[in-house]
>>> print(open('query07.cif').read())   # mmCIF, C-alpha atoms
data_coords
#
loop_
_atom_site.label_atom_id
_atom_site.label_comp_id
_atom_site.auth_asym_id
_atom_site.auth_seq_id
_atom_site.Cartn_x
_atom_site.Cartn_y
_atom_site.Cartn_z
CA MET A 790 -8.12 -63.68 -14.67
CA ASP A 791 -7.86 -59.93 -14.34
CA ARG A 792 -6.56 -59.09 -10.87
CA SER A 793 -6.06 -55.39 -11.49
CA ASN A 794 -8.88 -54.40 -9.12
CA THR A 795 -8.68 -57.26 -6.61
CA GLY A 796 -6.17 -58.68 -4.23
CA THR A 797 -4.81 -62.22 -4.39
CA SER A 798 -6.89 -65.07 -3.06
CA GLY A 799 -8.01 -64.37 0.51
CA GLU A 800 -7.03 -60.70 0.39
CA GLU A 801 -9.28 -57.63 0.25
CA PRO A 802 -9.41 -55.62 -2.99
CA ALA A 803 -6.55 -53.10 -3.36
CA SER A 804 -8.94 -50.10 -3.52
CA GLU A 805 -10.59 -51.16 -0.25
CA GLY A 806 -7.19 -51.56 1.34
CA ARG A 807 -6.17 -48.06 0.35
CA ALA A 808 -9.45 -46.67 1.65
CA ALA A 809 -8.93 -48.39 4.99
CA GLU A 810 -5.39 -47.05 5.17
CA VAL A 811 -6.59 -43.50 4.51
CA ALA A 812 -9.33 -43.85 7.12
CA ASP A 813 -6.80 -45.06 9.68
CA ASN A 814 -4.65 -41.99 9.03
CA LEU A 815 -7.43 -39.41 9.37
CA PRO A 816 -7.08 -37.28 12.49
CA PRO A 817 -9.55 -37.80 15.33
CA GLU A 818 -12.59 -35.55 15.41
CA GLY A 819 -11.27 -33.42 18.27
CA LEU A 820 -8.00 -32.72 16.45
CA SER A 821 -9.84 -31.86 13.24
CA ARG A 822 -11.85 -29.25 15.13
CA ARG A 823 -8.71 -27.78 16.70
CA VAL A 824 -6.90 -27.61 13.36
CA PHE A 825 -9.92 -25.98 11.73
CA ASP A 826 -10.15 -23.39 14.49
CA ALA A 827 -6.41 -22.63 14.30
CA SER A 828 -6.37 -22.35 10.51
CA PRO A 829 -4.78 -19.11 9.24
CA VAL A 830 -7.58 -18.86 6.67
CA SER A 831 -10.78 -17.16 7.83
CA THR A 832 -13.58 -19.73 7.60
CA VAL A 833 -17.26 -19.91 8.52
CA ILE A 834 -19.73 -22.77 8.08
CA VAL A 835 -23.28 -22.01 6.99
CA ASP A 836 -26.05 -24.59 7.48
CA SER A 837 -28.87 -25.36 5.06
CA THR A 838 -31.20 -22.87 6.78
CA GLY A 839 -28.77 -20.01 6.17
CA GLY A 840 -27.59 -19.79 9.76
CA ILE A 841 -23.87 -19.53 10.51
CA ALA A 842 -23.05 -22.65 12.49
CA PHE A 843 -19.40 -21.97 13.21
CA ALA A 844 -16.59 -19.42 12.72
CA ASN A 845 -12.93 -20.07 13.35
CA GLU A 846 -10.55 -17.81 15.27
CA ARG A 847 -9.15 -16.11 12.18
CA ALA A 848 -12.68 -15.22 11.00
CA ILE A 849 -13.48 -13.76 14.41
CA GLU A 850 -10.35 -11.62 14.26
CA LEU A 851 -10.94 -10.46 10.69
CA LEU A 852 -14.64 -9.67 11.07
CA GLY A 853 -14.17 -7.89 14.39
CA LEU A 854 -17.01 -9.77 16.08
CA ALA A 855 -17.29 -12.31 18.88
CA ARG A 856 -18.08 -15.87 17.85
CA ASP A 857 -21.59 -15.76 19.31
CA GLU A 858 -22.29 -12.52 17.42
CA ILE A 859 -21.30 -14.21 14.16
CA THR A 860 -23.25 -17.41 14.80
CA SER A 861 -26.38 -15.49 15.79
CA ARG A 862 -26.67 -14.07 12.26
CA GLN A 863 -27.92 -15.42 8.97
CA TYR A 864 -25.41 -15.24 6.13
CA GLY A 865 -27.72 -12.93 4.16
CA SER A 866 -28.43 -10.52 7.01
CA THR A 867 -28.17 -6.81 6.17
CA ASP A 868 -26.15 -6.47 9.39
CA TRP A 869 -23.11 -7.64 7.40
CA HIS A 870 -22.96 -4.42 5.35
CA ILE A 871 -21.42 -5.99 2.26
CA TYR A 872 -21.40 -4.17 -1.05
CA ASP A 873 -19.82 -4.28 -4.47
CA ASP A 874 -17.06 -2.13 -5.97
CA ASP A 875 -19.54 0.60 -6.87
CA GLY A 876 -20.81 0.85 -3.29
CA ALA A 877 -24.13 -0.89 -3.96
CA PRO A 878 -25.36 -3.43 -1.36
CA ILE A 879 -25.10 -7.03 -2.57
CA PRO A 880 -28.61 -8.59 -2.55
CA VAL A 881 -29.00 -11.98 -0.91
CA GLU A 882 -29.92 -13.62 -4.22
CA GLU A 883 -26.46 -12.71 -5.58
CA HIS A 884 -24.61 -13.93 -2.50
CA PRO A 885 -22.29 -16.87 -3.27
CA VAL A 886 -23.75 -18.95 -0.43
CA THR A 887 -27.19 -18.60 -2.03
CA ARG A 888 -25.80 -19.90 -5.30
CA VAL A 889 -24.12 -22.86 -3.61
CA LEU A 890 -27.29 -23.78 -1.71
CA GLU A 891 -29.35 -23.56 -4.88
CA THR A 892 -27.01 -25.29 -7.34
CA GLY A 893 -24.70 -27.43 -5.23
CA ASP A 894 -21.77 -25.98 -7.19
CA PRO A 895 -18.85 -24.18 -5.53
CA VAL A 896 -18.28 -20.46 -6.12
CA PHE A 897 -14.69 -19.28 -6.18
CA GLY A 898 -13.16 -15.82 -6.26
CA PHE A 899 -16.16 -13.78 -5.10
CA GLU A 900 -15.06 -10.25 -4.09
CA HIS A 901 -16.82 -7.57 -2.09
CA TRP A 902 -16.35 -4.80 0.45
CA LEU A 903 -17.35 -5.38 4.07
CA GLU A 904 -17.81 -2.74 6.74
CA ARG A 905 -16.68 -3.85 10.19
CA PRO A 906 -18.30 -2.71 13.46
CA ASP A 907 -15.53 -0.12 13.99
CA GLY A 908 -16.33 1.50 10.64
CA SER A 909 -13.24 0.25 8.82
CA GLU A 910 -13.66 -1.42 5.44
CA LEU A 911 -12.14 -4.60 4.07
CA TRP A 912 -12.01 -5.89 0.52
CA LEU A 913 -12.56 -9.64 0.83
CA THR A 914 -12.26 -12.50 -1.61
CA SER A 915 -14.05 -15.73 -0.77
CA ASN A 916 -14.38 -19.34 -1.91
CA SER A 917 -17.58 -21.23 -1.04
CA SER A 918 -17.97 -25.01 -1.32
CA PRO A 919 -20.86 -27.37 -0.49
CA VAL A 920 -20.84 -30.24 2.00
CA GLU A 921 -23.47 -32.75 0.91
CA ASN A 922 -25.30 -35.40 2.93
CA GLU A 923 -25.82 -39.02 1.87
CA ASP A 924 -28.76 -38.01 -0.34
CA GLY A 925 -26.65 -35.51 -2.27
CA GLU A 926 -28.33 -32.49 -0.70
CA VAL A 927 -26.31 -29.48 0.44
CA GLU A 928 -26.13 -29.74 4.20
CA TYR A 929 -23.49 -27.09 4.85
CA VAL A 930 -21.55 -24.46 2.93
CA VAL A 931 -17.93 -23.84 3.87
CA VAL A 932 -16.87 -20.26 3.19
CA ALA A 933 -13.16 -19.40 3.32
CA PHE A 934 -12.24 -15.76 2.86
CA GLU A 935 -9.22 -13.49 3.13
CA ASP A 936 -8.46 -9.80 3.41
CA VAL A 937 -7.00 -8.45 0.16
CA THR A 938 -7.57 -4.77 0.93
CA GLY A 939 -3.91 -3.95 0.40
CA LEU A 940 -3.94 -5.50 -3.06
CA LYS A 941 -7.18 -3.69 -3.87
CA ARG A 942 -5.73 -0.34 -2.86
CA ARG A 943 -2.67 -1.03 -4.96
CA GLU A 944 -4.85 -1.92 -7.93
CA GLU A 945 -6.75 1.34 -7.52
CA ARG A 946 -3.50 3.30 -7.45
CA LEU A 947 -2.15 1.52 -10.52
CA THR A 948 -5.30 2.02 -12.57
CA SER A 949 -6.14 5.53 -11.40
CA GLU A 950 -5.75 8.09 -14.15
CA ARG A 951 -6.16 11.09 -11.90
CA THR A 952 -4.30 12.74 -9.08
CA ARG A 953 -5.13 15.92 -7.23
CA ARG A 954 -2.77 18.89 -7.46
CA VAL A 955 -3.04 20.92 -4.27
CA GLU A 956 -1.65 24.21 -3.00
CA PHE A 957 -1.49 25.38 0.60
CA ARG A 958 -0.64 28.82 1.97
CA ALA A 959 1.20 29.61 5.19
CA ASP A 960 1.70 33.13 6.62
CA GLU A 961 4.95 35.10 7.01
CA SER A 962 6.02 33.07 10.05
CA ALA A 963 6.99 30.26 7.63
CA VAL A 964 9.29 32.53 5.57
CA PRO A 965 13.03 31.94 6.15
CA PRO A 966 14.56 35.05 7.83
CA SER A 967 16.87 35.94 4.95
CA LEU A 968 13.90 36.24 2.57
CA ARG A 969 11.60 38.34 4.76
CA VAL A 970 12.80 41.63 3.29
CA GLY A 971 12.28 43.14 -0.14
CA ALA A 972 10.01 42.11 -2.95
CA GLY A 973 10.12 39.00 -5.09
CA ARG A 974 9.01 35.41 -5.28
CA TRP A 975 11.38 32.46 -5.16
CA ARG A 976 10.45 28.95 -6.21
CA ILE A 977 12.20 25.86 -4.83
CA ASP A 978 11.55 22.55 -6.54
CA ILE A 979 11.23 19.45 -4.35
CA GLU A 980 12.89 16.78 -6.48
CA SER A 981 12.82 13.85 -4.06
CA VAL A 982 12.38 12.85 -0.43
CA VAL A 983 14.34 9.72 0.51
CA SER A 984 13.49 8.01 3.80
CA LEU A 985 16.29 6.91 6.10
CA SER A 986 15.95 5.18 9.47
CA GLY A 987 13.35 6.51 11.91
CA ASP A 988 11.94 9.89 10.87
CA ALA A 989 15.14 10.98 9.13
CA THR A 990 15.14 11.83 5.42
CA VAL A 991 17.45 13.17 2.76
CA GLN A 992 15.74 15.69 0.52
CA TYR A 993 16.86 16.94 -2.87
CA MET A 994 15.85 20.45 -3.92
CA GLY A 995 16.68 22.87 -6.73
CA THR A 996 16.08 26.47 -7.79
CA SER A 997 17.02 29.02 -10.42
CA ASP A 998 15.60 31.94 -8.42
CA LEU A 999 18.38 32.14 -5.83
CA SER A 1000 22.16 32.18 -6.02
CA ALA A 1001 23.87 29.02 -4.80
CA SER A 1002 24.98 30.60 -1.53
CA ALA A 1003 21.59 32.20 -0.87
CA PHE A 1004 19.90 28.89 -1.61
CA VAL A 1005 22.04 27.01 0.91
CA THR A 1006 21.44 29.75 3.51
CA THR A 1007 17.67 29.65 2.94
CA VAL A 1008 17.47 25.88 3.41
CA GLU A 1009 19.71 26.02 6.49
CA GLU A 1010 17.31 28.54 8.07
CA VAL A 1011 14.44 26.03 7.97
CA PRO A 1012 14.45 24.31 11.40
CA HIS A 1013 13.95 20.81 9.98
CA TYR A 1014 17.14 20.69 7.94
CA VAL A 1015 20.72 19.96 8.97
CA ASP A 1016 23.85 19.25 6.99
CA VAL A 1017 22.89 21.08 3.81
CA ARG A 1018 25.21 20.36 0.88
CA LEU A 1019 25.43 22.12 -2.48
CA LEU A 1020 25.42 19.46 -5.19
CA SER A 1021 25.76 21.49 -8.38
CA THR A 1022 25.15 24.78 -10.15
CA THR A 1023 24.54 24.51 -13.88
CA GLY A 1024 23.06 27.17 -16.14
CA GLY A 1025 21.94 29.21 -13.16
CA TYR A 1026 20.09 26.24 -11.58
CA SER A 1027 21.41 25.09 -8.21
CA ARG A 1028 20.70 21.80 -6.48
CA VAL A 1029 21.19 20.96 -2.81
CA GLU A 1030 20.96 17.90 -0.61
CA ALA A 1031 19.62 18.42 2.91
CA LYS A 1032 19.21 15.96 5.74
CA ALA A 1033 16.21 16.22 8.07
CA GLU A 1034 16.22 14.43 11.41
CA SER A 1035 12.46 14.82 11.93
CA THR A 1036 9.29 14.87 9.84
CA THR A 1037 8.93 17.69 7.29
CA VAL A 1038 6.12 19.25 5.27
CA SER A 1039 7.30 17.35 2.18
CA GLU A 1040 6.83 14.07 4.03
CA VAL A 1041 3.18 14.90 4.69
CA PHE A 1042 2.47 14.42 0.99
CA GLN A 1043 4.55 11.24 0.89
CA SER A 1044 2.71 9.76 3.88
CA LEU A 1045 -0.53 10.04 1.89
CA ASP A 1046 0.95 8.30 -1.18
CA GLY A 1047 1.46 11.68 -2.81
CA GLN A 1048 4.47 13.82 -3.65
CA ALA A 1049 5.65 17.31 -2.74
CA LEU A 1050 6.37 19.39 -5.84
CA GLY A 1051 7.62 22.76 -4.74
CA ILE A 1052 7.69 25.72 -2.39
CA VAL A 1053 7.05 29.31 -3.48
CA ILE A 1054 8.33 31.90 -1.03
CA ALA A 1055 7.46 35.60 -0.84
CA HIS A 1056 8.36 38.07 1.93
CA ASP A 1057 4.94 37.61 3.54
CA GLU A 1058 3.86 34.04 2.72
CA VAL A 1059 4.93 30.55 1.72
CA ARG A 1060 2.98 28.29 -0.62
CA PHE A 1061 3.43 24.52 -0.70
CA THR A 1062 2.39 22.58 -3.80
CA GLY A 1063 2.11 18.84 -4.29
CA VAL A 1064 0.01 16.03 -5.68
CA LEU A 1065 -2.21 13.53 -3.86
CA PRO A 1066 -4.10 10.46 -5.09
CA GLY A 1067 -7.46 11.50 -6.47
CA ASP A 1068 -9.35 9.68 -3.73
CA VAL A 1069 -7.42 11.31 -0.84
CA ASP A 1070 -9.12 14.19 0.95
CA PRO A 1071 -6.82 17.28 0.79
CA ARG A 1072 -7.88 18.09 4.34
CA LEU A 1073 -5.73 15.19 5.51
CA ALA A 1074 -2.68 16.95 4.06
CA ALA A 1075 -3.78 20.23 5.63
CA ASP A 1076 -3.98 18.53 9.03
CA GLY A 1077 -0.44 17.22 8.62
CA ILE A 1078 1.04 20.55 7.51
CA ARG A 1079 -0.81 22.31 10.33
CA GLU A 1080 1.55 20.62 12.80
CA PHE A 1081 4.30 22.85 11.37
CA HIS A 1082 2.26 25.89 10.37
CA PRO A 1083 -0.97 26.24 12.41
CA GLU A 1084 -2.42 28.93 10.12
CA ILE A 1085 -2.15 26.82 6.94
CA GLU A 1086 -5.02 27.10 4.45
CA LEU A 1087 -5.96 25.19 1.32
CA VAL A 1088 -5.76 27.47 -1.71
CA SER A 1089 -6.65 25.07 -4.53
CA ALA A 1090 -7.24 21.39 -5.30
CA ASP A 1091 -7.55 20.36 -8.94
CA LEU A 1092 -7.85 16.89 -10.44
CA VAL A 1093 -5.25 16.24 -13.15
CA TYR A 1094 -4.40 13.33 -15.43
CA SER A 1095 -1.31 11.51 -14.19
CA PRO A 1096 -0.52 7.96 -15.39
CA HIS A 1097 1.94 6.42 -12.94
CA LEU A 1098 1.83 2.73 -13.79
CA LEU A 1099 5.47 1.74 -14.28
CA TYR A 1100 6.63 3.76 -11.29
CA ASP A 1101 4.20 2.01 -8.94
CA VAL A 1102 5.07 -1.42 -10.33
CA VAL A 1103 8.78 -0.78 -9.73
CA VAL A 1104 8.18 0.59 -6.23
CA ASP A 1105 6.21 -2.51 -5.28
CA GLU A 1106 9.02 -4.78 -6.52
CA LEU A 1107 11.83 -3.09 -4.55
CA THR A 1108 12.51 -3.26 -0.84
CA GLU A 1109 12.46 0.06 1.01
CA ARG A 1110 16.27 0.05 1.22
CA GLN A 1111 16.68 -0.75 -2.46
CA PHE A 1112 14.31 2.00 -3.56
CA ALA A 1113 15.87 4.53 -1.18
CA ALA A 1114 19.37 3.71 -2.49
CA LEU A 1115 18.25 4.05 -6.11
CA GLU A 1116 16.36 7.27 -5.48
CA ALA A 1117 19.22 8.86 -3.54
CA ALA A 1118 21.75 7.83 -6.21
CA TYR A 1119 19.63 9.34 -8.98
CA PHE A 1120 18.79 12.66 -7.37
CA SER A 1121 22.22 13.18 -5.77
CA GLY A 1122 23.91 12.99 -9.17
CA TYR A 1123 25.64 9.64 -8.64
CA PHE A 1124 24.78 8.64 -12.22
CA ASP A 1125 25.80 12.00 -13.68
CA SER A 1126 29.04 12.50 -15.58
CA PRO A 1127 30.99 13.80 -13.78
CA ARG A 1128 29.41 12.55 -10.56
CA THR A 1129 28.23 15.10 -8.01
CA SER A 1130 27.99 12.47 -5.26
CA THR A 1131 30.19 9.49 -4.53
CA GLY A 1132 29.23 6.08 -3.25
CA ASP A 1133 31.04 6.80 0.01
CA GLU A 1134 29.00 9.99 0.56
CA LEU A 1135 25.72 8.17 -0.05
CA ALA A 1136 26.72 5.25 2.16
CA ASP A 1137 27.49 7.75 4.91
CA ARG A 1138 24.02 9.26 4.57
CA PHE A 1139 22.47 5.85 5.10
CA GLY A 1140 24.82 4.94 7.92
CA VAL A 1141 26.01 1.79 6.16
CA THR A 1142 29.23 0.58 4.59
CA ARG A 1143 30.00 1.33 0.96
CA GLN A 1144 29.70 -2.40 0.20
CA THR A 1145 26.20 -2.60 1.73
CA PHE A 1146 25.04 0.50 -0.13
CA ASN A 1147 26.39 -0.90 -3.41
CA GLN A 1148 24.50 -4.16 -2.82
CA HIS A 1149 21.21 -2.28 -2.32
CA LEU A 1150 21.85 -0.19 -5.43
CA ARG A 1151 22.81 -3.12 -7.67
CA LYS A 1152 19.77 -5.15 -6.60
CA ALA A 1153 17.51 -2.16 -7.21
CA GLN A 1154 18.92 -1.66 -10.69
CA GLN A 1155 18.53 -5.36 -11.49
CA ASN A 1156 14.88 -5.35 -10.35
CA VAL A 1157 14.09 -2.27 -12.43
CA LEU A 1158 15.64 -3.81 -15.53
CA THR A 1159 13.79 -7.08 -14.90
CA GLN A 1160 10.48 -5.21 -14.78
CA LEU A 1161 11.33 -3.25 -17.90
CA PHE A 1162 12.75 -5.97 -20.14
CA GLU A 1163 11.39 -9.29 -18.83
CA LYS A 1164 8.07 -8.79 -17.06
CA SER A 1165 6.99 -5.73 -19.07
CA GLY A 1166 4.59 -4.64 -16.36
CA SER A 1167 2.92 -8.03 -16.07
CA THR A 1168 2.94 -7.64 -12.28
CA ALA A 1169 0.35 -4.93 -12.63
CA ARG A 1170 -2.16 -7.12 -14.42
#
>>> encode(input="query07.cif", output="structure tokens")
Amino acid sequence: MDRSNTGTSGEEPASEGRAAEVADNLPPEGLSRRVFDASPVSTVIVDSTGGIAFANERAIELLGLARDEITSRQYGSTDWHIYDDDGAPIPVEEHPVTRVLETGDPVFGFEHWLERPDGSELWLTSNSSPVENEDGEVEYVVVAFEDVTGLKRREERLTSERTRRVEFRADESAVPPSLRVGAGRWRIDIESVVSLSGDATVQYMGTSDLSASAFVTTVEEVPHYVDVRLLSTTGGYSRVEAKAESTTVSEVFQSLDGQALGIVIAHDEVRFTGVLPGDVDPRLAADGIREFHPEIELVSADLVYSPHLLYDVVVDELTERQFAALEAAYFSGYFDSPRTSTGDELADRFGVTRQTFNQHLRKAQQNVLTQLFEKSGSTAR
């Protein structure tokens, strides 16, 4: 006799025993409700009429609404302000809950923008699953969703083919004193801005328009900079390293995911050039620079092609300390032969031991090589 699906004489079938055991281990209804409400995943429950029957605490926090405001709405209400990647409102017939109610099949990975009551926007991804009654009809739809705005913004940066090259003009008050006399125009290239702790930075700059001594003097006359150090002079091109204890104009570009490119100085004006992501309003940069130079004006803003894929992938893979160590080592001439900066000098800039700095640098190099030779940019896909 086949006993594979039954117990021995006088015993209940094995499958029924397992079912009873599982039932005994299920949490009580009150605990289930508490766990659901405390879940770190934003979740709402929609009933068969389209009304939202319940929202957990995480959903309340993410949506920026009180629970009674959420449960007083239908899932397809236009009050939700949801739209697709092109900015078009998502019609109720294309809503994932509609599809679940109509087909009884779950819908996973649905993505859309949502505008919150405070005007901020979130890029959400959701999974919707049916809860059926004894007759197999959809009684409820459970919708779990999460905020992936950061990932969306990163994706936009990685796939964007355009940046905006901008130029701003400040009046003679921004001109360093030693350059306020005579005619001429002097360009200073901003090679890199490396963040340290707090608002401090180390900035690397170069020029072929000034002698080495005049270059150092010019940078020292800018109030932001302290401890200016000449790194090298080769073929008439001089490079300096300057520490800034507070925010600088160059950092304004960096704070907007852009990059400062250069400064052009005449006796009666200073022009700042840089690049910004194509979707960033140049007026935001103007507002930031205006804190240093109130009379700043935007001269030009032109969209340019600028693929930046590998750089962004590498930046995302490194910690802030690792990237800062690598960037400082590169622009300070640590990798040059002969070196123009030593490991001890760089460690001193960061306020860490030589051993700690070396650890950051080695890990950064390893991560870059991993991305280049092993992952081949797969992180970006």
>>> resolve_selection(input="query07.cif", expression="the PyMOL selection byres ((chain A and resi 1012) around 10)", output="JSON, numbers by chain")
{"A": [965, 1008, 1009, 1010, 1011, 1013, 1014, 1015, 1033, 1035, 1037]}
>>> write_last_selection(input="query07.cif", atoms="C-alpha atoms", output="tab-separated table (two decimals), in the coordinates of the input")
chain	number	residue	atom	x	y	z
A	965	PRO	CA	13.03	31.94	6.15
A	1008	VAL	CA	17.47	25.88	3.41
A	1009	GLU	CA	19.71	26.02	6.49
A	1010	GLU	CA	17.31	28.54	8.07
A	1011	VAL	CA	14.44	26.03	7.97
A	1013	HIS	CA	13.95	20.81	9.98
A	1014	TYR	CA	17.14	20.69	7.94
A	1015	VAL	CA	20.72	19.96	8.97
A	1033	ALA	CA	16.21	16.22	8.07
A	1035	SER	CA	12.46	14.82	11.93
A	1037	THR	CA	8.93	17.69	7.29
>>> atom_distance(input="query07.cif", atom1="CA of Val886 (chain A)", atom2="CA of Asn845 (chain A)")
17.6 Å
>>> closest_residue(input="query07.cif", among="A:Phe1004, A:Gly1077, A:Thr838, A:Val1103", to="Gln1043 (chain A)", atoms="only C-alpha atoms")
A:Gly1077
>>> closest_residue(input="query07.cif", among="A:Leu1107, A:Ala963, A:Ala1117, A:Leu1161", to="Glu1030 (chain A)", atoms="only C-alpha atoms")
A:Ala1117
>>> residues_around(input="query07.cif", residues="Tyr1026 (chain A)", least_positions_apart="5", cutoff="8 Å", atoms="only C-alpha atoms", output="ChimeraX atom specification")
/A:995-998
>>> residues_near_point(input="query07.cif", point="(19.0, 7.4, -5.1)", cutoff="12 Å", atoms="all atoms listed in the file", output="ChimeraX atom specification")
/A:980-985,991-993,1030,1109-1125,1130-1132,1134-1136,1138-1139,1146-1147,1149-1151,1153-1154
>>> atom_distance(input="query07.cif", atom1="CA of Lys941 (chain A)", atom2="CA of Val1093 (chain A)")
22.1 Å
>>> atom_distance(input="query07.cif", atom1="CA of Asn916 (chain A)", atom2="CA of Pro885 (chain A)")
8.4 Å
>>> closest_residue(input="query07.cif", among="A:Leu903, A:Leu854, A:Leu1073, A:Ala972", to="Val955 (chain A)", atoms="all atoms listed in the file")
A:Leu1073
>>> resolve_selection(input="query07.cif", expression="the PyMOL selection byres ((chain A and resi 859) around 9)", output="PyMOL selection string")
chain A and resi 833+841-844+849+852+854-858+860-863
>>> closest_residue(input="query07.cif", among="A:Gly893, A:Pro906, A:Pro966, A:Gly1067", to="Asp1091 (chain A)", atoms="only C-alpha atoms")
A:Gly1067
>>> closest_residue(input="query07.cif", among="A:Ile1085, A:Val1005, A:Val835, A:Val931", to="Glu956 (chain A)", atoms="all atoms listed in the file")
A:Ile1085
>>> closest_residue(input="query07.cif", among="A:Ala1003, A:Phe1162, A:Val1059, A:Phe957", to="Leu1087 (chain A)", atoms="all atoms listed in the file")
A:Phe957
>>> residues_around(input="query07.cif", residues="region 1047-1051 of chain A", least_positions_apart="2", cutoff="7 Å", atoms="all atoms listed in the file", output="list in words")
Arg976, Ile977, Asp978, Ile979, Ser1039, Phe1042, Gln1043, Leu1045, Val1053, Phe1061, Thr1062, Gly1063, Val1064, Leu1065 and Pro1066 of chain A
>>> residues_around(input="query07.cif", residues="Leu851 (chain A)", least_positions_apart="4", cutoff="10 Å", atoms="only C-alpha atoms", output="PyMOL selection string")
chain A and resi 830-831+846-847+905+911+934-936
>>> write_last_selection(input="query07.cif", atoms="C-alpha atoms", output="short mmCIF file (atom, residue, chain, number, x, y, z; two decimals), keeping the file's coordinate frame")
data_model
loop_
_atom_site.label_atom_id
_atom_site.label_comp_id
_atom_site.auth_asym_id
_atom_site.auth_seq_id
_atom_site.Cartn_x
_atom_site.Cartn_y
_atom_site.Cartn_z
CA VAL A 830 -7.58 -18.86 6.67
CA SER A 831 -10.78 -17.16 7.83
CA GLU A 846 -10.55 -17.81 15.27
CA ARG A 847 -9.15 -16.11 12.18
CA ARG A 905 -16.68 -3.85 10.19
CA LEU A 911 -12.14 -4.60 4.07
CA PHE A 934 -12.24 -15.76 2.86
CA GLU A 935 -9.22 -13.49 3.13
CA ASP A 936 -8.46 -9.80 3.41
#
>>> residues_around(input="query07.cif", residues="region 874-877 of chain A", least_positions_apart="5", cutoff="12 Å", atoms="only C-alpha atoms", output="list in words")
Phe899, Glu900, His901, Trp902, Leu903, Glu904, Glu910, Leu911, Trp912, Leu913, Lys941, Arg942 and Glu945 of chain A
>>> residues_near_point(input="query07.cif", point="(4.7, 37.8, 2.0)", cutoff="12 Å", atoms="all atoms listed in the file", output="list of chain:residue names")
A:Arg958, A:Ala959, A:Asp960, A:Glu961, A:Ser962, A:Ala963, A:Val964, A:Pro965, A:Pro966, A:Leu968, A:Arg969, A:Val970, A:Gly971, A:Ala972, A:Gly973, A:Arg974, A:Trp975, A:Val1053, A:Ile1054, A:Ala1055, A:His1056, A:Asp1057, A:Glu1058, A:Val1059, A:Arg1060
>>> build_atoms(input="query07.cif", residues="region 895-899 of chain A", atoms="all heavy atoms", output="mmCIF file, in the coordinates of the input")
data_model
loop_
_atom_site.group_PDB
_atom_site.id
_atom_site.type_symbol
_atom_site.label_atom_id
_atom_site.label_comp_id
_atom_site.auth_asym_id
_atom_site.auth_seq_id
_atom_site.Cartn_x
_atom_site.Cartn_y
_atom_site.Cartn_z
ATOM 1 N N PRO A 895 -19.670 -25.146 -6.269
ATOM 2 C CA PRO A 895 -18.850 -24.180 -5.530
ATOM 3 C C PRO A 895 -18.756 -22.852 -6.276
ATOM 4 O O PRO A 895 -18.942 -22.789 -7.498
ATOM 5 C CB PRO A 895 -17.483 -24.860 -5.451
ATOM 6 C CG PRO A 895 -17.451 -25.781 -6.618
ATOM 7 C CD PRO A 895 -18.856 -26.267 -6.806
ATOM 8 N N VAL A 896 -18.490 -21.794 -5.542
ATOM 9 C CA VAL A 896 -18.280 -20.460 -6.120
ATOM 10 C C VAL A 896 -16.940 -19.953 -5.619
ATOM 11 O O VAL A 896 -16.742 -19.790 -4.405
ATOM 12 C CB VAL A 896 -19.405 -19.482 -5.718
ATOM 13 C CG1 VAL A 896 -19.101 -18.083 -6.259
ATOM 14 C CG2 VAL A 896 -20.750 -19.976 -6.216
ATOM 15 N N PHE A 897 -16.035 -19.709 -6.543
ATOM 16 C CA PHE A 897 -14.690 -19.280 -6.180
ATOM 17 C C PHE A 897 -14.442 -17.836 -6.620
ATOM 18 O O PHE A 897 -14.990 -17.365 -7.626
ATOM 19 C CB PHE A 897 -13.635 -20.186 -6.828
ATOM 20 C CG PHE A 897 -13.742 -21.627 -6.430
ATOM 21 C CD1 PHE A 897 -13.762 -22.626 -7.391
ATOM 22 C CD2 PHE A 897 -13.827 -21.984 -5.097
ATOM 23 C CE1 PHE A 897 -13.849 -23.962 -7.034
ATOM 24 C CE2 PHE A 897 -13.924 -23.321 -4.714
ATOM 25 C CZ PHE A 897 -13.928 -24.311 -5.689
ATOM 26 N N GLY A 898 -13.608 -17.149 -5.861
ATOM 27 C CA GLY A 898 -13.160 -15.820 -6.260
ATOM 28 C C GLY A 898 -14.197 -14.725 -6.181
ATOM 29 O O GLY A 898 -14.133 -13.760 -6.942
ATOM 30 N N PHE A 899 -15.148 -14.831 -5.259
ATOM 31 C CA PHE A 899 -16.160 -13.780 -5.100
ATOM 32 C C PHE A 899 -15.544 -12.643 -4.276
ATOM 33 O O PHE A 899 -14.959 -12.859 -3.215
ATOM 34 C CB PHE A 899 -17.392 -14.328 -4.387
ATOM 35 C CG PHE A 899 -18.511 -13.328 -4.258
ATOM 36 C CD1 PHE A 899 -19.363 -13.097 -5.325
ATOM 37 C CD2 PHE A 899 -18.706 -12.617 -3.082
ATOM 38 C CE1 PHE A 899 -20.404 -12.173 -5.223
ATOM 39 C CE2 PHE A 899 -19.736 -11.704 -2.972
ATOM 40 C CZ PHE A 899 -20.585 -11.484 -4.043
#
